[in-house]
Amino acid sequence: MNSIILSPVGTSIFTKGKFPSEINQFSNYKNLEDIPSDRRGIISSYIQEVHDLMLSSSLEDVKKRSAELNGIIHYYNDNLHNAQKDIHYLLPSDTYIGKSACEIIKCFLDKYIGSVCVLEIKDLQTYDCDRFQYALSDVVSQIMIIKRGLLPEQKFIFNLTGGFKSILCFLQSLGMFYADETVYVFEYSKDLMRIPALPVKLVPYDYLKEYIVVFRRLYNNLSVAEEEYDKIPESLILKLYGEPTLSAYGKIVWDNFRKDLYSEKLLDSISPKVKYSEIFLKSTKDLGKDRYYNLNMRIDEVSCFMELKSKPNPASLDLKKLATPKGISTHEFDAWADKDAKRVFCHYDQDILVLDTLLEGLH
């Protein structure tokens with residue numbers, strides 16, 4: 001596997017040559033059932049017609065029909081057999097016609113590529129601005145996950161030849177921070193334009209450190225009172241149904257600084273349900289940057305465990321009861337698992353988890 005390729009998907013596959021006016025008329029409808037019953041047959045028949053046409057067409061005809069596939073095929077110099085070891089992610093709109101277009105493109109790519117995945121982002125559409133902003137925030141989260149999972153030899157490519165304009169503008173900005181390369185094929189060009197990763201870096205604002213607990217809680221989907229975030233720029237905070245979360249740009253800003261901030265020192269607990277003992281504070285002095293980063297990540301995870309109803313306990317945390325108590329400690333969780341693996345020993349004081357000390361795990 002050499003590359004991970006992300007391609008936003010639009011509806012160009014349906015709008016070449018003659019096509020039913022219903023394709024544009026109902027392009028923002030989320031489900032087939034939402035479309036008037038006397039129009040569903042026309043749309044369904046046309047989608048099936050395009051599906052059959054695409055799977056029987058030559059590569060040249062496919063490139064003319066689909067902007068997304070035009071970019072992908074150009075990327076491989078018209079030889080899709082070179083794509084067998086790559087992973088492709090398709091990003092459609094959250095609409096019936098958009099998802100139908102994506103399914104046809106996936107069926108075509110499945111003939112050549114071993115791994116083709118669809119990123120399903122709720123409310124990724126253009127008829128509701130607030131929901132669209134929330135969907136963009138989810139797009140950033142998914143791209144962060146993909147980026148962090150890259151192997152050293154893999155590259156992350158954004159193919160922005162297709163897709164709808166709103167998402168393309170956003171992904172162009174996002175590509176500056178997360179893509180190793182961005183590629184395009186303009187409509188009347190036969191050449192692939194390649195834009196390498198740009199040497200850009202965000203400059204941290206003072207309020208990032210001033211409001212670090214707020215950013216950490218929002219990033220981890222923990223509740224925050226309005227008076228705690230009302231001085232943070234509105235571009236970084238999104239409110240949907242009255243609940244705050246980091247906006248798409250808020251996640252980008254936070255993600256670019258988080259590793260540096262988490263690597264400096266042991267950060268304060270983000271939850272009133274997680275407390276540090278004096279012994280724990282002493283046991284965490286003079287750690288390396290990577291150890292502080294891991295430990296602060298575990299503090300976030302154990303805070304989520306203590307506050308969220310779902311009680312998330314990922315393998316990276318592994319919070320569990322000790323078979324035999326160690327002094328006052330009745331529970332333990334991972335601090336880090338590599339090399340000199342350490343665990344945090346802790347105990348409950350009513351509904352508060354007190355972190356007692358950082359030590360090697362019991363064997």
# chains A, B, ... in the order shown; residues from 1 in each chain; ligands from 1
$ residues_around --residues "Asp268 (chain A)" --least-positions-apart "3" --cutoff "12 Å" --atoms "only C-alpha atoms" --output "list in words"
Lys209, Tyr211, Ile212, Val213, Val214, Arg216, Arg217, Leu261, Tyr262, Lys265, Ser271, Pro272, Val274, Lys275, Tyr276, Ser277, Leu281, Tyr292, Leu295, Asn296, Met297, Ile299, Asp300 and Ser303 of chain A
$ residues_around --residues "Asp86 (chain A)" --least-positions-apart "6" --cutoff "10 Å" --atoms "only C-alpha atoms" --output "PyMOL selection string"
chain A and resi 1-5+113-116+154-155
$ select_by_dssp --residues "region 132-296 of chain A" --states "strand (DSSP E)" --output "VMD selection string"
chain A and resid 155 to 159 181 to 184 193 to 196 237 to 240 243 to 246 274 to 276
$ closest_residue --among "A:Pro233, A:Val118, A:Ala248, A:Glu264" --to "Phe170 (chain A)" --atoms "only C-alpha atoms"
A:Ala248
$ closest_residue --among "A:Leu359, A:Ala323, A:Leu246, A:Val253" --to "Phe280 (chain A)" --atoms "only C-alpha atoms"
A:Leu359
$ select_by_dssp --residues "region 170-336 of chain A" --states "helix (DSSP H, G or I)" --output "number ranges by chain"
A: 170-178, 206-210, 212-219, 226-229, 234-236, 248-264, 278-283, 289-307
$ decode --residues "region 44-170 of chain A" --atoms "C-alpha atoms" --output "CSV table (one decimal), in the first residue's frame"
chain,number,residue,atom,x,y,z
A,44,SER,CA,-34.4,5.0,-10.2
A,45,SER,CA,-34.5,3.9,-13.8
A,46,TYR,CA,-32.0,6.5,-14.9
A,47,ILE,CA,-29.7,5.6,-12.0
A,48,GLN,CA,-29.8,2.0,-13.1
A,49,GLU,CA,-29.2,3.0,-16.7
A,50,VAL,CA,-26.1,5.0,-15.8
A,51,HIS,CA,-24.9,2.1,-13.5
A,52,ASP,CA,-25.0,-0.3,-16.4
A,53,LEU,CA,-23.4,2.1,-18.8
A,54,MET,CA,-20.5,2.9,-16.5
A,55,LEU,CA,-19.7,-0.8,-15.9
A,56,SER,CA,-19.6,-1.5,-19.6
A,57,SER,CA,-17.8,1.6,-20.8
A,58,SER,CA,-14.1,2.1,-21.8
A,59,LEU,CA,-11.8,4.1,-19.6
A,60,GLU,CA,-12.0,7.0,-22.0
A,61,ASP,CA,-15.7,7.1,-21.9
A,62,VAL,CA,-15.7,6.7,-18.1
A,63,LYS,CA,-13.4,9.8,-17.8
A,64,LYS,CA,-15.8,11.8,-19.9
A,65,ARG,CA,-18.7,10.8,-17.7
A,66,SER,CA,-17.3,11.1,-14.2
A,67,ALA,CA,-15.1,13.9,-12.9
A,68,GLU,CA,-14.1,11.8,-9.9
A,69,LEU,CA,-13.0,8.9,-12.0
A,70,ASN,CA,-11.3,11.2,-14.5
A,71,GLY,CA,-9.0,12.4,-11.7
A,72,ILE,CA,-8.4,8.9,-10.4
A,73,ILE,CA,-7.7,7.4,-13.8
A,74,HIS,CA,-5.3,10.3,-14.7
A,75,TYR,CA,-3.5,9.8,-11.4
A,76,TYR,CA,-2.7,6.2,-12.5
A,77,ASN,CA,-1.7,7.3,-16.0
A,78,ASP,CA,-4.7,5.4,-17.5
A,79,ASN,CA,-3.6,2.1,-15.9
A,80,LEU,CA,-5.9,1.3,-12.9
A,81,HIS,CA,-4.0,-2.0,-12.4
A,82,ASN,CA,-1.4,0.2,-10.7
A,83,ALA,CA,-4.0,1.0,-8.0
A,84,GLN,CA,-4.4,-2.5,-6.6
A,85,LYS,CA,-2.4,-1.8,-3.5
A,86,ASP,CA,-3.9,1.6,-2.7
A,87,ILE,CA,-6.8,2.4,-0.5
A,88,HIS,CA,-9.5,4.8,-1.8
A,89,TYR,CA,-12.0,6.7,0.3
A,90,LEU,CA,-15.1,8.2,-1.4
A,91,LEU,CA,-16.9,11.1,0.2
A,92,PRO,CA,-20.5,11.6,-1.2
A,93,SER,CA,-23.1,14.1,-0.1
A,94,ASP,CA,-25.7,12.8,2.3
A,95,THR,CA,-28.4,12.7,-0.4
A,96,TYR,CA,-30.1,9.9,-2.3
A,97,ILE,CA,-28.7,11.0,-5.6
A,98,GLY,CA,-25.3,11.7,-4.2
A,99,LYS,CA,-25.0,8.3,-2.5
A,100,SER,CA,-26.3,6.6,-5.7
A,101,ALA,CA,-23.5,8.3,-7.7
A,102,CYS,CA,-21.0,7.2,-5.1
A,103,GLU,CA,-22.2,3.6,-5.3
A,104,ILE,CA,-21.8,3.4,-9.0
A,105,ILE,CA,-18.2,4.9,-8.8
A,106,LYS,CA,-17.4,2.3,-6.0
A,107,CYS,CA,-18.7,-0.5,-8.2
A,108,PHE,CA,-16.5,0.6,-11.0
A,109,LEU,CA,-13.4,0.9,-8.8
A,110,ASP,CA,-14.0,-2.4,-7.1
A,111,LYS,CA,-13.1,-4.0,-10.4
A,112,TYR,CA,-9.5,-2.7,-10.1
A,113,ILE,CA,-8.8,-1.7,-6.5
A,114,GLY,CA,-8.7,-4.0,-3.5
A,115,SER,CA,-10.0,-1.5,-0.9
A,116,VAL,CA,-12.6,1.1,-1.7
A,117,CYS,CA,-14.4,2.7,1.3
A,118,VAL,CA,-17.3,5.2,1.6
A,119,LEU,CA,-17.1,7.9,4.2
A,120,GLU,CA,-20.7,8.4,5.2
A,121,ILE,CA,-21.0,11.9,6.8
A,122,LYS,CA,-24.4,12.7,8.2
A,123,ASP,CA,-25.9,16.0,6.8
A,124,LEU,CA,-23.2,16.6,4.3
A,125,GLN,CA,-25.4,18.6,2.0
A,126,THR,CA,-26.0,22.2,1.0
A,127,TYR,CA,-29.6,23.0,1.9
A,128,ASP,CA,-29.0,23.6,5.7
A,129,CYS,CA,-26.0,25.7,6.5
A,130,ASP,CA,-25.9,24.8,10.3
A,131,ARG,CA,-26.1,21.1,9.6
A,132,PHE,CA,-23.5,21.4,6.8
A,133,GLN,CA,-21.0,23.1,9.3
A,134,TYR,CA,-21.6,20.3,11.7
A,135,ALA,CA,-20.9,17.7,8.9
A,136,LEU,CA,-17.7,19.5,8.0
A,137,SER,CA,-16.6,19.1,11.6
A,138,ASP,CA,-17.2,15.3,11.2
A,139,VAL,CA,-15.2,15.3,7.9
A,140,VAL,CA,-12.2,16.7,9.8
A,141,SER,CA,-12.5,14.0,12.5
A,142,GLN,CA,-12.6,11.3,9.9
A,143,ILE,CA,-9.6,12.7,8.0
A,144,MET,CA,-7.7,13.0,11.2
A,145,ILE,CA,-8.3,9.3,11.9
A,146,ILE,CA,-7.1,8.3,8.4
A,147,LYS,CA,-4.0,10.6,8.7
A,148,ARG,CA,-3.0,9.1,12.0
A,149,GLY,CA,-3.3,5.6,10.7
A,150,LEU,CA,-0.9,6.1,7.8
A,151,LEU,CA,2.1,3.8,7.6
A,152,PRO,CA,5.5,5.5,7.1
A,153,GLU,CA,5.6,4.6,3.5
A,154,GLN,CA,2.1,5.8,2.7
A,155,LYS,CA,1.0,9.1,1.2
A,156,PHE,CA,-2.4,10.8,1.7
A,157,ILE,CA,-3.7,12.2,-1.6
A,158,PHE,CA,-6.7,14.5,-2.0
A,159,ASN,CA,-8.3,14.1,-5.5
A,160,LEU,CA,-10.4,17.2,-5.8
A,161,THR,CA,-11.4,16.8,-9.5
A,162,GLY,CA,-15.1,16.0,-8.5
A,163,GLY,CA,-17.5,16.7,-5.7
A,164,PHE,CA,-19.7,19.7,-5.1
A,165,LYS,CA,-18.3,23.2,-4.8
A,166,SER,CA,-18.9,23.7,-1.1
A,167,ILE,CA,-16.9,20.6,0.0
A,168,LEU,CA,-14.2,21.3,-2.6
A,169,CYS,CA,-13.5,24.7,-1.2
A,170,PHE,CA,-13.2,23.3,2.3
